[in-house]
There are 2 protein chains.
Amino acid sequence: MTKSIAVDCMGGDSAPKVIIEGLKVVFDSGVEDVHFNLFGDDSLEEFVPLIGGKYSDRFSVYGAPAVDLKNMKPSVAIRMAKNSSMGLAIQSVKNGESDACISAGNTGAYMALSKVLLKMIPGIERPAIATYIPKDNGNCVMLDLGANADCSPKNIIDFAIMGEAFARVRLGKESPKVAILNIGAEDIKGNLVVQDAYKQITDNNLLKNFHGFIEGDQIFKTDIDVVVTDGFSGNIALKVTEGTVRFIMERVKKAFKTNWLTKLSYLILKKALVRNLGFLNPGNHNGAMLLGLNGIVVKSHGGTDAVGFANAIKATIKILEDDFVQRVKEQIENQE
Amino acid sequence: MTKSIAVDCMGGDSAPKVIIEGLKVVFDSGVEDVHFNLFGDDSLEEFVPLIGGKYSDRFSVYGAPAVDLKNMKPSVAIRMAKNSSMGLAIQSVKNGESDACISAGNTGAYMALSKVLLKMIPGIERPAIATYIPKDNGNCVMLDLGANADCSPKNIIDFAIMGEAFARVRLGKESPKVAILNIGAEDIKGNLVVQDAYKQITDNNLLKNFHGFIEGDQIFKTDIDVVVTDGFSGNIALKVTEGTVRFIMERVKKAFKTNWLTKLSYLILKKALVRNLGFLNPGNHNGAMLLGLNGIVVKSHGGTDAVGFANAIKATIKILEDDFVQRVKEQIENQE
């Protein structure tokens with residue numbers, strides 16, 4: 001049966017151009033059996049011809065205004081945005097017209113709107129943002145990456161259970177290994193929130209394969225499948241990683257540009273470098289999921305390019321195939 | 001007048017070997033007018049001859065047992081460690097026999113012991129760990145890096161004021177620019193603690209040059225001199241940075257080893273890479289300071305090599321020359 005995805009065409013730094021170009025990449029790559037419901041304003045007209053012609057029966061366009069949600073408190077944004085391209089894309093999931101929605105727009109507003117319109121999975125208090133972290137031995141999943149600046153132990157436990165379900169579906173692991181990010185690996189370390197969460201998880205056997213705590217420098221190295229953290233530390237960890245990668249890459253480029261010999265070396269090394277470092281490109285693993293909602297809600301990087309947005313769409317299709325929300329619900333029920 | 005530094009010779013992964021070798025590096029580099037009080041057990045005897053002979057009047061050795069403080073709660077560690085090499089080094093500062101102390105041992109115990117033995121600067125509730133972060137346009141200072149897993153707004157404000165004083169002394173800036181690490185740059189973003197701290201700082205003009213919030217990916221890029229954070233997020237940010245650097249470097253090395261041509265390229269590039277990336281070596285900016293204490297307490301990386309430990313000693317000497325504690329006291333009094 002054909003699935004359908006609602007696309008907020010007005011969200012992100014280069015919308016709607018990059019969004020439509022991303023769709024074209026998806027169509028050109030041979031993806032079938034997915035229909036796209038596009039939400040956007042008149043500025044879409046300029047770009048839709050890109051995917052017109054042979055793909056014209058693969059999408060529908062619905063008029064919806066862009067609303068600039070930057071610097072808006074989530075409460076204000078919700079009111080403003082219900083009828084925006086983002087709001088209508090989420091409503092399309094709520095009404096059953098789409099099976100999932102995707103946006104590159106403001107995260108806070110997207111989260112708040114999704115929570116109001118789709119409601120939470122029973123038993124989960126707050127949504128969390130989860131994404132992949134590339135590692136030497138396969139990806140791992142990390143959450144929360146910024147949805148919840150203040151977290152309780154119950155929130156951390158919810159994230160751990162949702163993350164375990166997410167990793168089972170997305171990484172294809174039967175029994176994903178879960179760890180809580182902390183400032184020490186010993187069980188006496190950490191703040192009150194992670195200490196309490198750790199105690200509850202171990203006392204009540206809430207996770208099948210619980211590793212305990214890991215430190216920030218272990219994320220890339222260990223065989224952990226799910227890294228659990230509050231949204232404040234998690235967002236800082238993610239952004240610091242991105243900043244460090246960018247900083248080092250700029251320095252390496254500078255080294256290559258020293259003289260004609262080093263420039264020549266670059267030509268020799270280019271292929272090997274791309275093979276070893278290409279997976280660090282954020283676009284290659286674009287598509288974070290807002291977990292805990294009664295529906296599939298995917299967030300793309302705001303600054304993505306067309307290939308990155310196409311990757312986020314492909315991740316959405318994979319999640320759709322896995323019947324993810326139903327599986328998380330069962331997981332939560334089994335835990336209780 | 002000759003200053004003196006108390007050295008815990010038993011702390012760190014490769015003590016006492018690396019500690020004594022580090023001292024030799026300091027002596028060999030021509031540092032004068034500093035006397036070292038060394039605290040350690042019988043295992044010192046094997047290594048002291050390294051700095052005997054022409055430097056023998058530059059240090060004194062005091063017998064003190066090593067105590068393995070790993071996995072100990074700070075409260076237990078305090079009791080156990082008062083008469084350890086670490087405890088006696090701190091007491092030497094308390095008694096006025098040394099002007100500063102340095103250890104590569106367990107951070108939690110070092111912090112707890114220093115607080116009990118030296119007491120806090122009046123007006124400061126809790127100590128913080130501060131270090132340098134290398135950047136394109138000069139170093140910046142970041143704190144707290146793990147001393148305080150749970151922080152109040154008052155703690156964050158204290159860290160900001162101490163960090164400002166530390167940057168004034170160590171970076172030589174008249175009016176250091178201070179920012180709080182957050183999950184968004186807008187002033188409505190963040191958890192309750194940073195929100196409250198931000199409000200108090202701006203409402204009461206507590207800092208001369210307050211930038212507001214910065215995100216994790218901005219640390220390396222902006223002209224911020226002082227990055228303020230709670231010890232939980234700060235430790236995670238620091239460790240994630242270290243892990244990312246190590247991970248990328250391993251990947252780059254792998255690329256270089258692809259074939260004989262890429263190996264040749266490495267030989268061509270080596271000098272340029274070291275020039276552009278050498279400052280990322282943690283040993284080059286070793287020597288974090290425990291701020292807020294009534295005395296100069298410096299922490300070296302536990303896994304440091306001799307050159308790294310020597311750099312931590314040199315950083316200690318620089319802090320001594322600046323009469324840092326007195327300057328922070330004045331700074332705190334002026335703020336009130």
# chains A, B, ... in the order shown; residues from 1 in each chain; ligands from 1

$ select_by_dssp --residues "stretch 149-314 of chain B" --states "alpha helix (DSSP H)" --output "number ranges by chain"
B: 153-170, 192-203, 231-256, 260-277, 306-314

$ closest_atom_pairs --of "chain A" --to "chain B" --cutoff "7 Å" --atoms "only C-alpha atoms" --output "tab-separated table"
residue	atom	partner	partner_atom	distance
A:Asn71	CA	B:Glu186	CA	6.6
A:Gly146	CA	B:Ile183	CA	6.9
A:Ala149	CA	B:Asn191	CA	4.7
A:Asp150	CA	B:Asn191	CA	5.4
A:Ile183	CA	B:Asn235	CA	6.0
A:Glu186	CA	B:Asn71	CA	6.5
A:Gly190	CA	B:Ala149	CA	5.7
A:Asn191	CA	B:Ala149	CA	4.7
A:Glu215	CA	B:Ile236	CA	6.9
A:Gly216	CA	B:Val240	CA	4.5
A:Asp217	CA	B:Gly243	CA	4.0
A:Gln218	CA	B:Gly243	CA	6.7
A:Phe220	CA	B:Gly243	CA	6.9
A:Phe232	CA	B:Ile183	CA	6.3
A:Ser233	CA	B:Ser233	CA	5.0
A:Asn235	CA	B:Ile183	CA	6.0
A:Ile236	CA	B:Gly216	CA	5.0
A:Ala237	CA	B:Ala237	CA	5.5
A:Lys239	CA	B:Gly216	CA	4.7
A:Val240	CA	B:Gly216	CA	4.5
A:Thr241	CA	B:Thr241	CA	6.3
A:Glu242	CA	B:Asp217	CA	6.1
A:Gly243	CA	B:Asp217	CA	4.0
A:Thr244	CA	B:Thr241	CA	6.3
A:Arg251	CA	B:Asn276	CA	5.7
A:Val252	CA	B:Leu273	CA	6.7
A:Ala255	CA	B:Ala272	CA	4.9
A:Thr258	CA	B:Ala272	CA	6.8
A:Thr262	CA	B:Leu269	CA	5.8
A:Ser265	CA	B:Ser265	CA	4.9
A:Ile268	CA	B:Thr262	CA	6.3
A:Leu269	CA	B:Thr262	CA	5.8
A:Ala272	CA	B:Ala255	CA	4.9
A:Leu273	CA	B:Ala255	CA	5.4
A:Asn276	CA	B:Arg251	CA	5.7
A:Leu277	CA	B:Arg251	CA	6.6

$ residues_around --residues "stretch 34-47 of chain A" --least-positions-apart "4" --cutoff "8 Å" --atoms "only C-alpha atoms" --output "number ranges by chain"
A: 2-10, 16-17, 20, 51, 58-66, 85-86, 88-89, 98

$ write_last_selection --atoms "N, CA, C and O atoms" --output "mmCIF file, in the first residue's frame"
data_model
loop_
_atom_site.group_PDB
_atom_site.id
_atom_site.type_symbol
_atom_site.label_atom_id
_atom_site.label_comp_id
_atom_site.auth_asym_id
_atom_site.auth_seq_id
_atom_site.Cartn_x
_atom_site.Cartn_y
_atom_site.Cartn_z
ATOM 1 N N THR A 2 0.530 2.226 -0.785
ATOM 2 C CA THR A 2 1.315 3.450 -0.839
ATOM 3 C C THR A 2 1.224 4.220 0.479
ATOM 4 O O THR A 2 0.136 4.459 0.989
ATOM 5 N N LYS A 3 2.390 4.573 1.020
ATOM 6 C CA LYS A 3 2.431 5.415 2.223
ATOM 7 C C LYS A 3 2.525 6.874 1.786
ATOM 8 O O LYS A 3 2.926 7.164 0.648
ATOM 9 N N SER A 4 2.178 7.780 2.672
ATOM 10 C CA SER A 4 2.335 9.182 2.282
ATOM 11 C C SER A 4 3.017 9.991 3.373
ATOM 12 O O SER A 4 2.843 9.738 4.563
ATOM 13 N N ILE A 5 3.820 10.941 2.914
ATOM 14 C CA ILE A 5 4.597 11.776 3.836
ATOM 15 C C ILE A 5 4.237 13.241 3.618
ATOM 16 O O ILE A 5 4.237 13.724 2.474
ATOM 17 N N ALA A 6 3.921 13.937 4.723
ATOM 18 C CA ALA A 6 3.649 15.377 4.656
ATOM 19 C C ALA A 6 4.953 16.146 4.776
ATOM 20 O O ALA A 6 5.738 15.878 5.691
ATOM 21 N N VAL A 7 5.191 17.079 3.838
ATOM 22 C CA VAL A 7 6.451 17.820 3.837
ATOM 23 C C VAL A 7 6.192 19.310 4.064
ATOM 24 O O VAL A 7 5.445 19.940 3.306
ATOM 25 N N ASP A 8 6.794 19.852 5.131
ATOM 26 C CA ASP A 8 6.760 21.301 5.356
ATOM 27 C C ASP A 8 7.790 21.921 4.419
ATOM 28 O O ASP A 8 8.990 21.821 4.653
ATOM 29 N N CYS A 9 7.327 22.544 3.340
ATOM 30 C CA CYS A 9 8.259 23.065 2.322
ATOM 31 C C CYS A 9 8.837 24.431 2.682
ATOM 32 O O CYS A 9 9.689 24.953 1.966
ATOM 33 N N MET A 10 8.371 25.032 3.787
ATOM 34 C CA MET A 10 8.805 26.386 4.114
ATOM 35 C C MET A 10 9.818 26.438 5.262
ATOM 36 O O MET A 10 10.275 27.520 5.635
ATOM 37 N N PRO A 16 11.929 27.360 -0.029
ATOM 38 C CA PRO A 16 11.559 25.979 -0.349
ATOM 39 C C PRO A 16 12.498 25.308 -1.358
ATOM 40 O O PRO A 16 12.315 24.141 -1.674
ATOM 41 N N LYS A 17 13.529 26.044 -1.831
ATOM 42 C CA LYS A 17 14.378 25.538 -2.902
ATOM 43 C C LYS A 17 14.968 24.164 -2.566
ATOM 44 O O LYS A 17 14.752 23.170 -3.300
ATOM 45 N N ILE A 20 12.479 21.123 -2.339
ATOM 46 C CA ILE A 20 12.010 20.556 -3.610
ATOM 47 C C ILE A 20 13.154 19.836 -4.329
ATOM 48 O O ILE A 20 12.974 18.742 -4.883
ATOM 49 N N ILE A 51 10.126 19.115 -10.178
ATOM 50 C CA ILE A 51 9.658 17.744 -9.988
ATOM 51 C C ILE A 51 8.355 17.486 -10.745
ATOM 52 O O ILE A 51 7.708 16.456 -10.557
ATOM 53 N N ARG A 58 3.277 12.002 -8.222
ATOM 54 C CA ARG A 58 3.858 11.486 -6.969
ATOM 55 C C ARG A 58 3.668 12.450 -5.798
ATOM 56 O O ARG A 58 4.103 12.156 -4.687
ATOM 57 N N PHE A 59 3.089 13.626 -6.082
ATOM 58 C CA PHE A 59 2.924 14.595 -4.983
ATOM 59 C C PHE A 59 1.684 15.455 -5.198
ATOM 60 O O PHE A 59 1.184 15.579 -6.323
ATOM 61 N N SER A 60 1.204 16.033 -4.100
ATOM 62 C CA SER A 60 0.107 16.989 -4.128
ATOM 63 C C SER A 60 0.585 18.250 -3.417
ATOM 64 O O SER A 60 1.374 18.165 -2.476
ATOM 65 N N VAL A 61 0.115 19.420 -3.882
ATOM 66 C CA VAL A 61 0.539 20.673 -3.252
ATOM 67 C C VAL A 61 -0.646 21.321 -2.532
ATOM 68 O O VAL A 61 -1.736 21.417 -3.090
ATOM 69 N N TYR A 62 -0.421 21.732 -1.291
ATOM 70 C CA TYR A 62 -1.450 22.414 -0.499
ATOM 71 C C TYR A 62 -0.931 23.779 -0.073
ATOM 72 O O TYR A 62 0.181 23.883 0.462
ATOM 73 N N GLY A 63 -1.722 24.821 -0.335
ATOM 74 C CA GLY A 63 -1.300 26.178 0.017
ATOM 75 C C GLY A 63 -1.254 26.367 1.528
ATOM 76 O O GLY A 63 -2.190 25.992 2.225
ATOM 77 N N ALA A 64 -0.153 26.901 2.015
ATOM 78 C CA ALA A 64 -0.011 27.145 3.454
ATOM 79 C C ALA A 64 1.059 28.210 3.650
ATOM 80 O O ALA A 64 2.120 28.151 3.023
ATOM 81 N N PRO A 65 0.798 29.205 4.507
ATOM 82 C CA PRO A 65 1.771 30.283 4.681
ATOM 83 C C PRO A 65 2.990 29.838 5.490
ATOM 84 O O PRO A 65 2.884 28.980 6.371
ATOM 85 N N ALA A 66 4.148 30.434 5.169
ATOM 86 C CA ALA A 66 5.317 30.275 6.033
ATOM 87 C C ALA A 66 5.130 31.208 7.225
ATOM 88 O O ALA A 66 4.627 32.314 7.070
ATOM 89 N N SER A 85 2.611 26.195 7.173
ATOM 90 C CA SER A 85 2.993 24.990 6.426
ATOM 91 C C SER A 85 3.393 23.868 7.392
ATOM 92 O O SER A 85 3.049 22.702 7.186
ATOM 93 N N MET A 86 4.077 24.237 8.471
ATOM 94 C CA MET A 86 4.493 23.230 9.465
ATOM 95 C C MET A 86 3.276 22.643 10.187
ATOM 96 O O MET A 86 3.134 21.415 10.310
ATOM 97 N N LEU A 88 0.119 22.577 9.265
ATOM 98 C CA LEU A 88 -0.764 21.788 8.399
ATOM 99 C C LEU A 88 -0.136 20.433 8.054
ATOM 100 O O LEU A 88 -0.857 19.440 7.888
ATOM 101 N N ALA A 89 1.179 20.405 7.960
ATOM 102 C CA ALA A 89 1.849 19.116 7.710
ATOM 103 C C ALA A 89 1.603 18.162 8.880
ATOM 104 O O ALA A 89 1.283 16.987 8.683
ATOM 105 N N SER A 98 -1.650 11.681 6.043
ATOM 106 C CA SER A 98 -0.238 11.331 5.846
ATOM 107 C C SER A 98 0.182 10.371 6.957
ATOM 108 O O SER A 98 -0.394 10.384 8.052
#

$ residues_around --residues "stretch 292-301 of chain B" --least-positions-apart "4" --cutoff "8 Å" --atoms "only C-alpha atoms" --output "NGL selection string"
:B and (12 or 90 or 93-94 or 99-105 or 107 or 114-115 or 118-121 or 124 or 126-128 or 162 or 286-288 or 309 or 312 or 316 or 319-320 or 324-325)

$ select_by_dssp --residues "stretch 49-156 of chain B" --states "strand (DSSP E or B)" --output "list in words"
Phe59, Ser60, Val61, Tyr62, Gly63, Ala100, Cys101, Ile102, Ser103, Met120, Ala128, Ile129, Ala130, Thr131, Tyr132, Ile133, Cys140, Val141, Met142 and Leu143 of chain B

$ atom_distance --atom1 "atom CA of A:Asn106" --atom2 "atom CA of A:Phe279"
25.1 Å

$ atom_distance --atom1 "atom CA of A:Phe27" --atom2 "atom CA of A:Asp323"
22.5 Å

$ atom_distance --atom1 "atom CA of A:Gly22" --atom2 "atom CA of A:Gln326"
28.3 Å

$ residues_around --residues "A:Gln91" --least-positions-apart "4" --cutoff "8 Å" --atoms "only C-alpha atoms" --output "ChimeraX atom specification"
/A:87,95,117-118
